[in-house]
Every structure is written in structure tokens, then in C-alpha cells.
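Data first, discussion second: the structure below is written as C-alpha cells.
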Amino acid sequence: MFASVDEVTTRLAETGYLASPAVATTVFLAARLGKPLLVEGPAGVGKTELAKAVAEISDARLIRLQCYEGVDESRALYEWNHAKQLLRITAGRDETWDQTRTDIFSEEFLLSRPLLTAIRGDDAKVLLIDEMDKADVEVEGLLLEVLSDFQVTVPELGTIAATQHPFVVLTSNASRELSEALRRRCLFLHIGFPEEELERRIVALKVPELDSVLAESLVRVVGALRAMDLRKVPSVAETVDWARTLLALGADRLDEEVVRASLGVVLKHQEDVNTATAKLDLDAV
């Protein structure tokens with residue numbers, strides 16, 4: 001898939017994703033070893049975007065399983081098209097039950113969900129299992145067969161094995177601890193907030209029209225906000241949003257008036273806005 005770590009870095013950058021050496025190295029190893037990649041870190045640091053970028057540079061189809069409380073096998077693996085099965089049963093009243101049963105439990109009536117879709121077919125795929133920590137613990141058990149052997153067992157049809165393994169990315173905001181069995185099957189990558197220099201490069205890439213001096217001030221202020229005891233510190237995505245906001249406002253510097261007027265772009269709770277307003281010293285950043 002990739003010849004070197006440097007190639008991963010270069011090709012990700014071409015999609016607009018600036019990867020740190022740790023990110024590029026782990027992506028390279030996951031591709032080379034054929035291992036799923038578990039990416040943890042706070043919201044908004046680029047976990048999901050990494051999967052999208054890998055799909056783009058691999059010319060692969062992105063298949064996404066968005067996890068949430070209550071997601072189950074029928075939403076993750078497959079389910080049967082019950083309405084269509086009922087029509088088939090009604091239409092075949094003159095047939096024996098054995099004939100009808102063989103028919104209704106065939107490929108024609110199978111609805112593939114993300115995990116099964118990622119296994120079937122010969123095309124290149126990136127399987128994104130997003131926000132794994134939001135799913136119930138039982139869902140992790142569904143993944144073990146998929147991540148161990150890249151196969152799914154459908155009792156009525158048998159075992160469906162992948163002819164080409166997808167590149168798998170699982171993301172987690174670490175709101176709950178994932179099982180050791182799941183972790184053992186993956187390479188682990190933690191993406192935190194970037195260093196100041198990398199974040200400046202990200203802002204310059206995403207909002208190139210913004211003055212470089214103003215962008216530098218913006219990144220320093222965001223860093224100061226992250227150092228505060230806030231309920232939700234600004235993510236990289238919110239740094240980029242703030243840069244776009246300053247551009248829209250026509251701001252030429254980050255003074256107290258501009259900051260107060262636009263803090264809601266990066267802080268999402270009133271107590272955080274109050275804390276920042278009281279503690280932020282623009283002269284010190």
C-alpha cells in the first residue's frame with residue numbers, strides 16, 4: 001500500500017491532512033502489517049479525518065459505522081429484508097416450506113450493513129468504526145471475528161470471508177475503556193492536540209487567506225485556553241473555525257474586543273466563556 005513512512009506523510013499532506021511522525025508511522029505499520037488501527041484522543045483532533053484521508057490516498061471506498069448507544073448486530077453486520085421475505089412467502093403459497101425457506105434466506109434478501117459490506121467484494125475499502133466508545137460493550141464482541149479473521153458468519157448462508165482485507169480504523173474519545181480483547185487486535189495511536197508549530201501549519205493550510213501574524217496569535221491564544229480548567233477545551237477543528245471567523249470579521253489583530261465577540265466559536269459552555277473572559281491575558285500570549 002505504502003512504500004515508506006515518508007510516502008504516507010507526503011500523500012496525506014496532499015489531501016490536506018498534516019500528519020505528525022507518530023501518525024504517519026502508525027498508518028504505515030497498520031497498512032504493512034494488515035492490522036486494525038485504534039485511534040484515541042479528544043474530539044476534534046482529526047481522528048475521523050485521518051480515516052477519510054487514508055481512503056483518499058488509497059483510492060479506496062470509505063465505509064463508516066457510526067457507533068452510538070443501542071447500535072446492535074442488525075445495524076452493524078446485517079439484517080434480513082423482512083418485508084420482502086413476507087412478500088415472497090405470500091407469493092409462494094403453493095410451494096413447500098423447505099422451498100420457500102431456501103429462497104427467502106438467500107443473498108437477494110440480505111441487507112448488508114457496514115461490517116459485512118467492508119468484507120464483501122474485491123475493491124479496496126477503508127472501514128471506519130467511529131466513536132467506538134459510544135457503543136455498548138456487547139458490540140465489541142461482534143467486532144472480534146471481523147478484526148481477527150476478516151470474516152462474518154451468517155447462520156443461514158455460512159461464513160463470508162474477505163478476499164481483500166479492508167484498512168480498518170476505529171476511533172474513540174475514551175469516554176469508556178475498551179476491552180483488552182479488542183485492543184489486542186489493533187495497533188494503538190493517540191492523537192492529542194498538536195504542537196504550536198504544527199497547528200500554525202494546519203491553520204495556514206486550511207485558511208491560507210489569514211495573515212500569518214494573526215494566525216500565530218490565534219494559535220497562542222488557543223494554547224492558553226487549553227491550559228485553563230475548562231469543561232471543553234478548543235479542538236483543532238475549532239481553531240480552524242476561529243481562523244475562518246476572524247477572516248469573515250475582517251480582523252487584523254486579536255484584541256480583547258474581537259476575542260470577546262467571537263469566543264463562542266471555540267468555547268461551547270457559558271462557564272468556559274466566563275472563565276476565559278476572566279483569566280485570559282492577551283498581553284501575556
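Please note that chains go A, B, ... in the order of the C-alpha cells, that every chain numbers its residues from 1, and that ligands are numbered from 1 in the order shown.
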
Near region 188-198 of chain A, within 9 Å and counting only C-alpha atoms, which residues show up once chain neighbours fewer than 2 positions away are dropped, as a short mmCIF file (atom, residue, chain, number, x, y, z; two decimals) with N, CA, C and O atoms, in the first residue's frame?
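Okay, this is what ended up in selection-v8.cif:
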```cif
data_model
loop_
_atom_site.label_atom_id
_atom_site.label_comp_id
_atom_site.auth_asym_id
_atom_site.auth_seq_id
_atom_site.Cartn_x
_atom_site.Cartn_y
_atom_site.Cartn_z
N LEU A 18 -2.17 17.09 7.67
CA LEU A 18 -0.77 17.20 8.09
C LEU A 18 -0.52 16.24 9.24
O LEU A 18 -0.99 16.47 10.36
N ALA A 19 0.20 15.18 8.97
CA ALA A 19 0.40 14.12 9.95
C ALA A 19 1.72 14.31 10.68
O ALA A 19 2.75 14.63 10.07
N SER A 20 1.70 14.08 11.99
CA SER A 20 2.93 14.05 12.76
C SER A 20 3.70 12.77 12.42
O SER A 20 3.13 11.84 11.85
N ALA A 22 4.52 10.38 14.34
CA ALA A 22 3.88 9.24 15.01
C ALA A 22 2.66 8.76 14.23
O ALA A 22 2.43 7.55 14.07
N VAL A 23 1.87 9.70 13.74
CA VAL A 23 0.67 9.34 12.97
C VAL A 23 1.06 8.63 11.68
O VAL A 23 0.54 7.57 11.34
N THR A 26 2.45 5.08 12.30
CA THR A 26 1.45 4.09 12.70
C THR A 26 0.55 3.71 11.53
O THR A 26 0.17 2.54 11.38
N VAL A 27 0.21 4.67 10.69
CA VAL A 27 -0.58 4.36 9.49
C VAL A 27 0.20 3.42 8.57
O VAL A 27 -0.34 2.44 8.04
N PRO A 36 -5.78 -3.66 12.27
CA PRO A 36 -6.68 -2.53 12.51
C PRO A 36 -5.96 -1.45 13.32
O PRO A 36 -5.04 -1.74 14.09
N LEU A 37 -6.39 -0.23 13.15
CA LEU A 37 -5.76 0.91 13.82
C LEU A 37 -6.78 1.54 14.77
O LEU A 37 -7.84 2.01 14.34
N LEU A 38 -6.47 1.51 16.06
CA LEU A 38 -7.31 2.14 17.08
C LEU A 38 -6.74 3.51 17.39
O LEU A 38 -5.61 3.63 17.86
N VAL A 39 -7.53 4.54 17.12
CA VAL A 39 -7.09 5.92 17.31
C VAL A 39 -7.89 6.56 18.43
O VAL A 39 -9.11 6.69 18.32
N GLU A 40 -7.22 6.95 19.49
CA GLU A 40 -7.88 7.62 20.62
C GLU A 40 -7.41 9.06 20.72
O GLU A 40 -6.32 9.41 20.27
N GLY A 41 -8.23 9.86 21.37
CA GLY A 41 -7.87 11.25 21.59
C GLY A 41 -9.11 12.10 21.75
O GLY A 41 -10.23 11.64 21.51
N PRO A 42 -8.94 13.35 22.17
CA PRO A 42 -10.09 14.22 22.36
C PRO A 42 -10.81 14.50 21.04
O PRO A 42 -10.24 14.34 19.96
N VAL A 45 -9.60 16.41 16.97
CA VAL A 45 -8.16 16.45 16.68
C VAL A 45 -7.81 15.76 15.37
O VAL A 45 -6.63 15.67 15.01
N GLY A 46 -8.82 15.25 14.65
CA GLY A 46 -8.55 14.68 13.33
C GLY A 46 -8.57 13.18 13.23
O GLY A 46 -8.04 12.61 12.27
N LYS A 47 -9.21 12.49 14.17
CA LYS A 47 -9.26 11.03 14.13
C LYS A 47 -10.08 10.54 12.94
O LYS A 47 -9.63 9.70 12.17
N ARG A 183 -8.46 -4.26 22.03
CA ARG A 183 -7.19 -3.53 21.92
C ARG A 183 -6.07 -4.44 21.39
O ARG A 183 -5.21 -4.01 20.64
N CYS A 186 -5.46 -4.60 17.68
CA CYS A 186 -5.22 -3.34 16.97
C CYS A 186 -3.83 -2.78 17.25
O CYS A 186 -3.21 -3.06 18.28
N ARG A 200 -0.04 25.85 13.61
CA ARG A 200 0.08 27.01 12.71
C ARG A 200 0.06 26.56 11.25
O ARG A 200 -0.57 27.19 10.40
N ARG A 201 0.74 25.46 10.98
CA ARG A 201 0.76 24.93 9.61
C ARG A 201 -0.64 24.47 9.19
O ARG A 201 -1.04 24.65 8.03
N ILE A 202 -1.37 23.88 10.12
CA ILE A 202 -2.74 23.44 9.82
C ILE A 202 -3.62 24.64 9.49
O ILE A 202 -4.38 24.62 8.51
N VAL A 203 -3.51 25.70 10.30
CA VAL A 203 -4.30 26.91 10.04
C VAL A 203 -3.93 27.51 8.69
O VAL A 203 -4.79 27.91 7.91
N GLU A 216 -0.61 33.22 13.96
CA GLU A 216 0.30 32.87 15.06
C GLU A 216 -0.29 33.30 16.40
O GLU A 216 -0.24 32.55 17.38
N VAL A 219 -3.18 30.88 17.37
CA VAL A 219 -2.73 29.59 17.89
C VAL A 219 -2.24 29.72 19.33
O VAL A 219 -2.49 28.85 20.17
N ARG A 220 -1.55 30.82 19.64
CA ARG A 220 -1.08 31.04 21.01
C ARG A 220 -2.25 31.22 21.97
O ARG A 220 -2.24 30.69 23.09
N GLY A 223 -3.82 27.92 22.64
CA GLY A 223 -2.98 27.19 23.58
C GLY A 223 -3.21 27.64 25.01
O GLY A 223 -3.24 26.82 25.94
N SER A 235 -10.79 22.35 20.25
CA SER A 235 -10.15 21.35 19.41
C SER A 235 -9.44 22.04 18.25
O SER A 235 -9.56 23.25 18.06
N VAL A 236 -8.72 21.24 17.46
CA VAL A 236 -8.08 21.78 16.26
C VAL A 236 -9.13 22.26 15.28
O VAL A 236 -8.97 23.31 14.63
#
```

What's around Glu209 (chain A) at 12 Å? Count only C-alpha atoms, leave out sequence neighbours fewer than 5 positions away in its own chain, and write the answer as a list in words.
Val203, Ala204, Leu214, Ala215, Ala243, Arg244, Thr245, Leu246, Leu247, Ala248, Gly250 and Asp252 of chain A

Selection from above, C-alpha atoms, as a PDB file, in the first residue's frame, can you write it?
```
ATOM      1  CA  VAL A 203      -4.300  26.908  10.044  1.00  0.00           C
ATOM      2  CA  ALA A 204      -2.178  28.115   7.133  1.00  0.00           C
ATOM      3  CA  LEU A 214      -2.715  36.897  13.135  1.00  0.00           C
ATOM      4  CA  ALA A 215      -2.671  33.116  12.713  1.00  0.00           C
ATOM      5  CA  ALA A 243      -9.443  31.424  11.957  1.00  0.00           C
ATOM      6  CA  ARG A 244     -12.265  31.486   9.409  1.00  0.00           C
ATOM      7  CA  THR A 245     -14.308  33.649  11.784  1.00  0.00           C
ATOM      8  CA  LEU A 246     -11.524  36.224  12.082  1.00  0.00           C
ATOM      9  CA  LEU A 247     -11.254  36.293   8.314  1.00  0.00           C
ATOM     10  CA  ALA A 248     -15.015  36.825   7.981  1.00  0.00           C
ATOM     11  CA  GLY A 250     -12.058  41.323   8.711  1.00  0.00           C
ATOM     12  CA  ASP A 252      -6.393  42.459  11.585  1.00  0.00           C
TER      13      ASP A 252
END
```

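Distances to Glu49 (chain A) were evaluated for A:Ala76, A:Leu218, A:Val152, A:Leu12 using only C-alpha atoms, and the minimum falls at A:Leu12.
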
Give me every helix (DSSP H, G or I) residue in region 76-285 of chain A, going by DSSP on the backbone, as a VMD selection string.
chain A and resid 76 82 to 91 97 to 104 107 to 109 114 to 119 132 to 134 137 to 149 180 to 184 196 to 206 212 to 226 236 to 249 256 to 265 270 to 279 282 to 284

Residue list (strand (DSSP E or B), DSSP) for region 74-221 of chain A, as a PyMOL selection string
chain A and resi 78-80+110-112+125-130+151-154+158-161+167-172+187-190

Of the residues A:Ala60, A:Val169, A:Val222, A:Ile129, which is the one nearest to Val266 (chain A), using only C-alpha atoms?
A:Val222

Could you list, as a ChimeraX atom specification, every residue within 8 Å of region 268-283 of chain A, counting only C-alpha atoms and ignoring same-chain residues fewer than 2 positions away?
/A:221,224-225,228,230-232,255-256,260,263-266,285

Which residues come within 12 Å of region 141-149 of chain A, counting only C-alpha atoms, excluding same-chain residues fewer than 3 positions away, as a VMD selection string?
chain A and resid 34 to 38 65 71 to 78 114 to 120 127 129 132 135 to 138 152 to 153 159 to 170 178 to 187
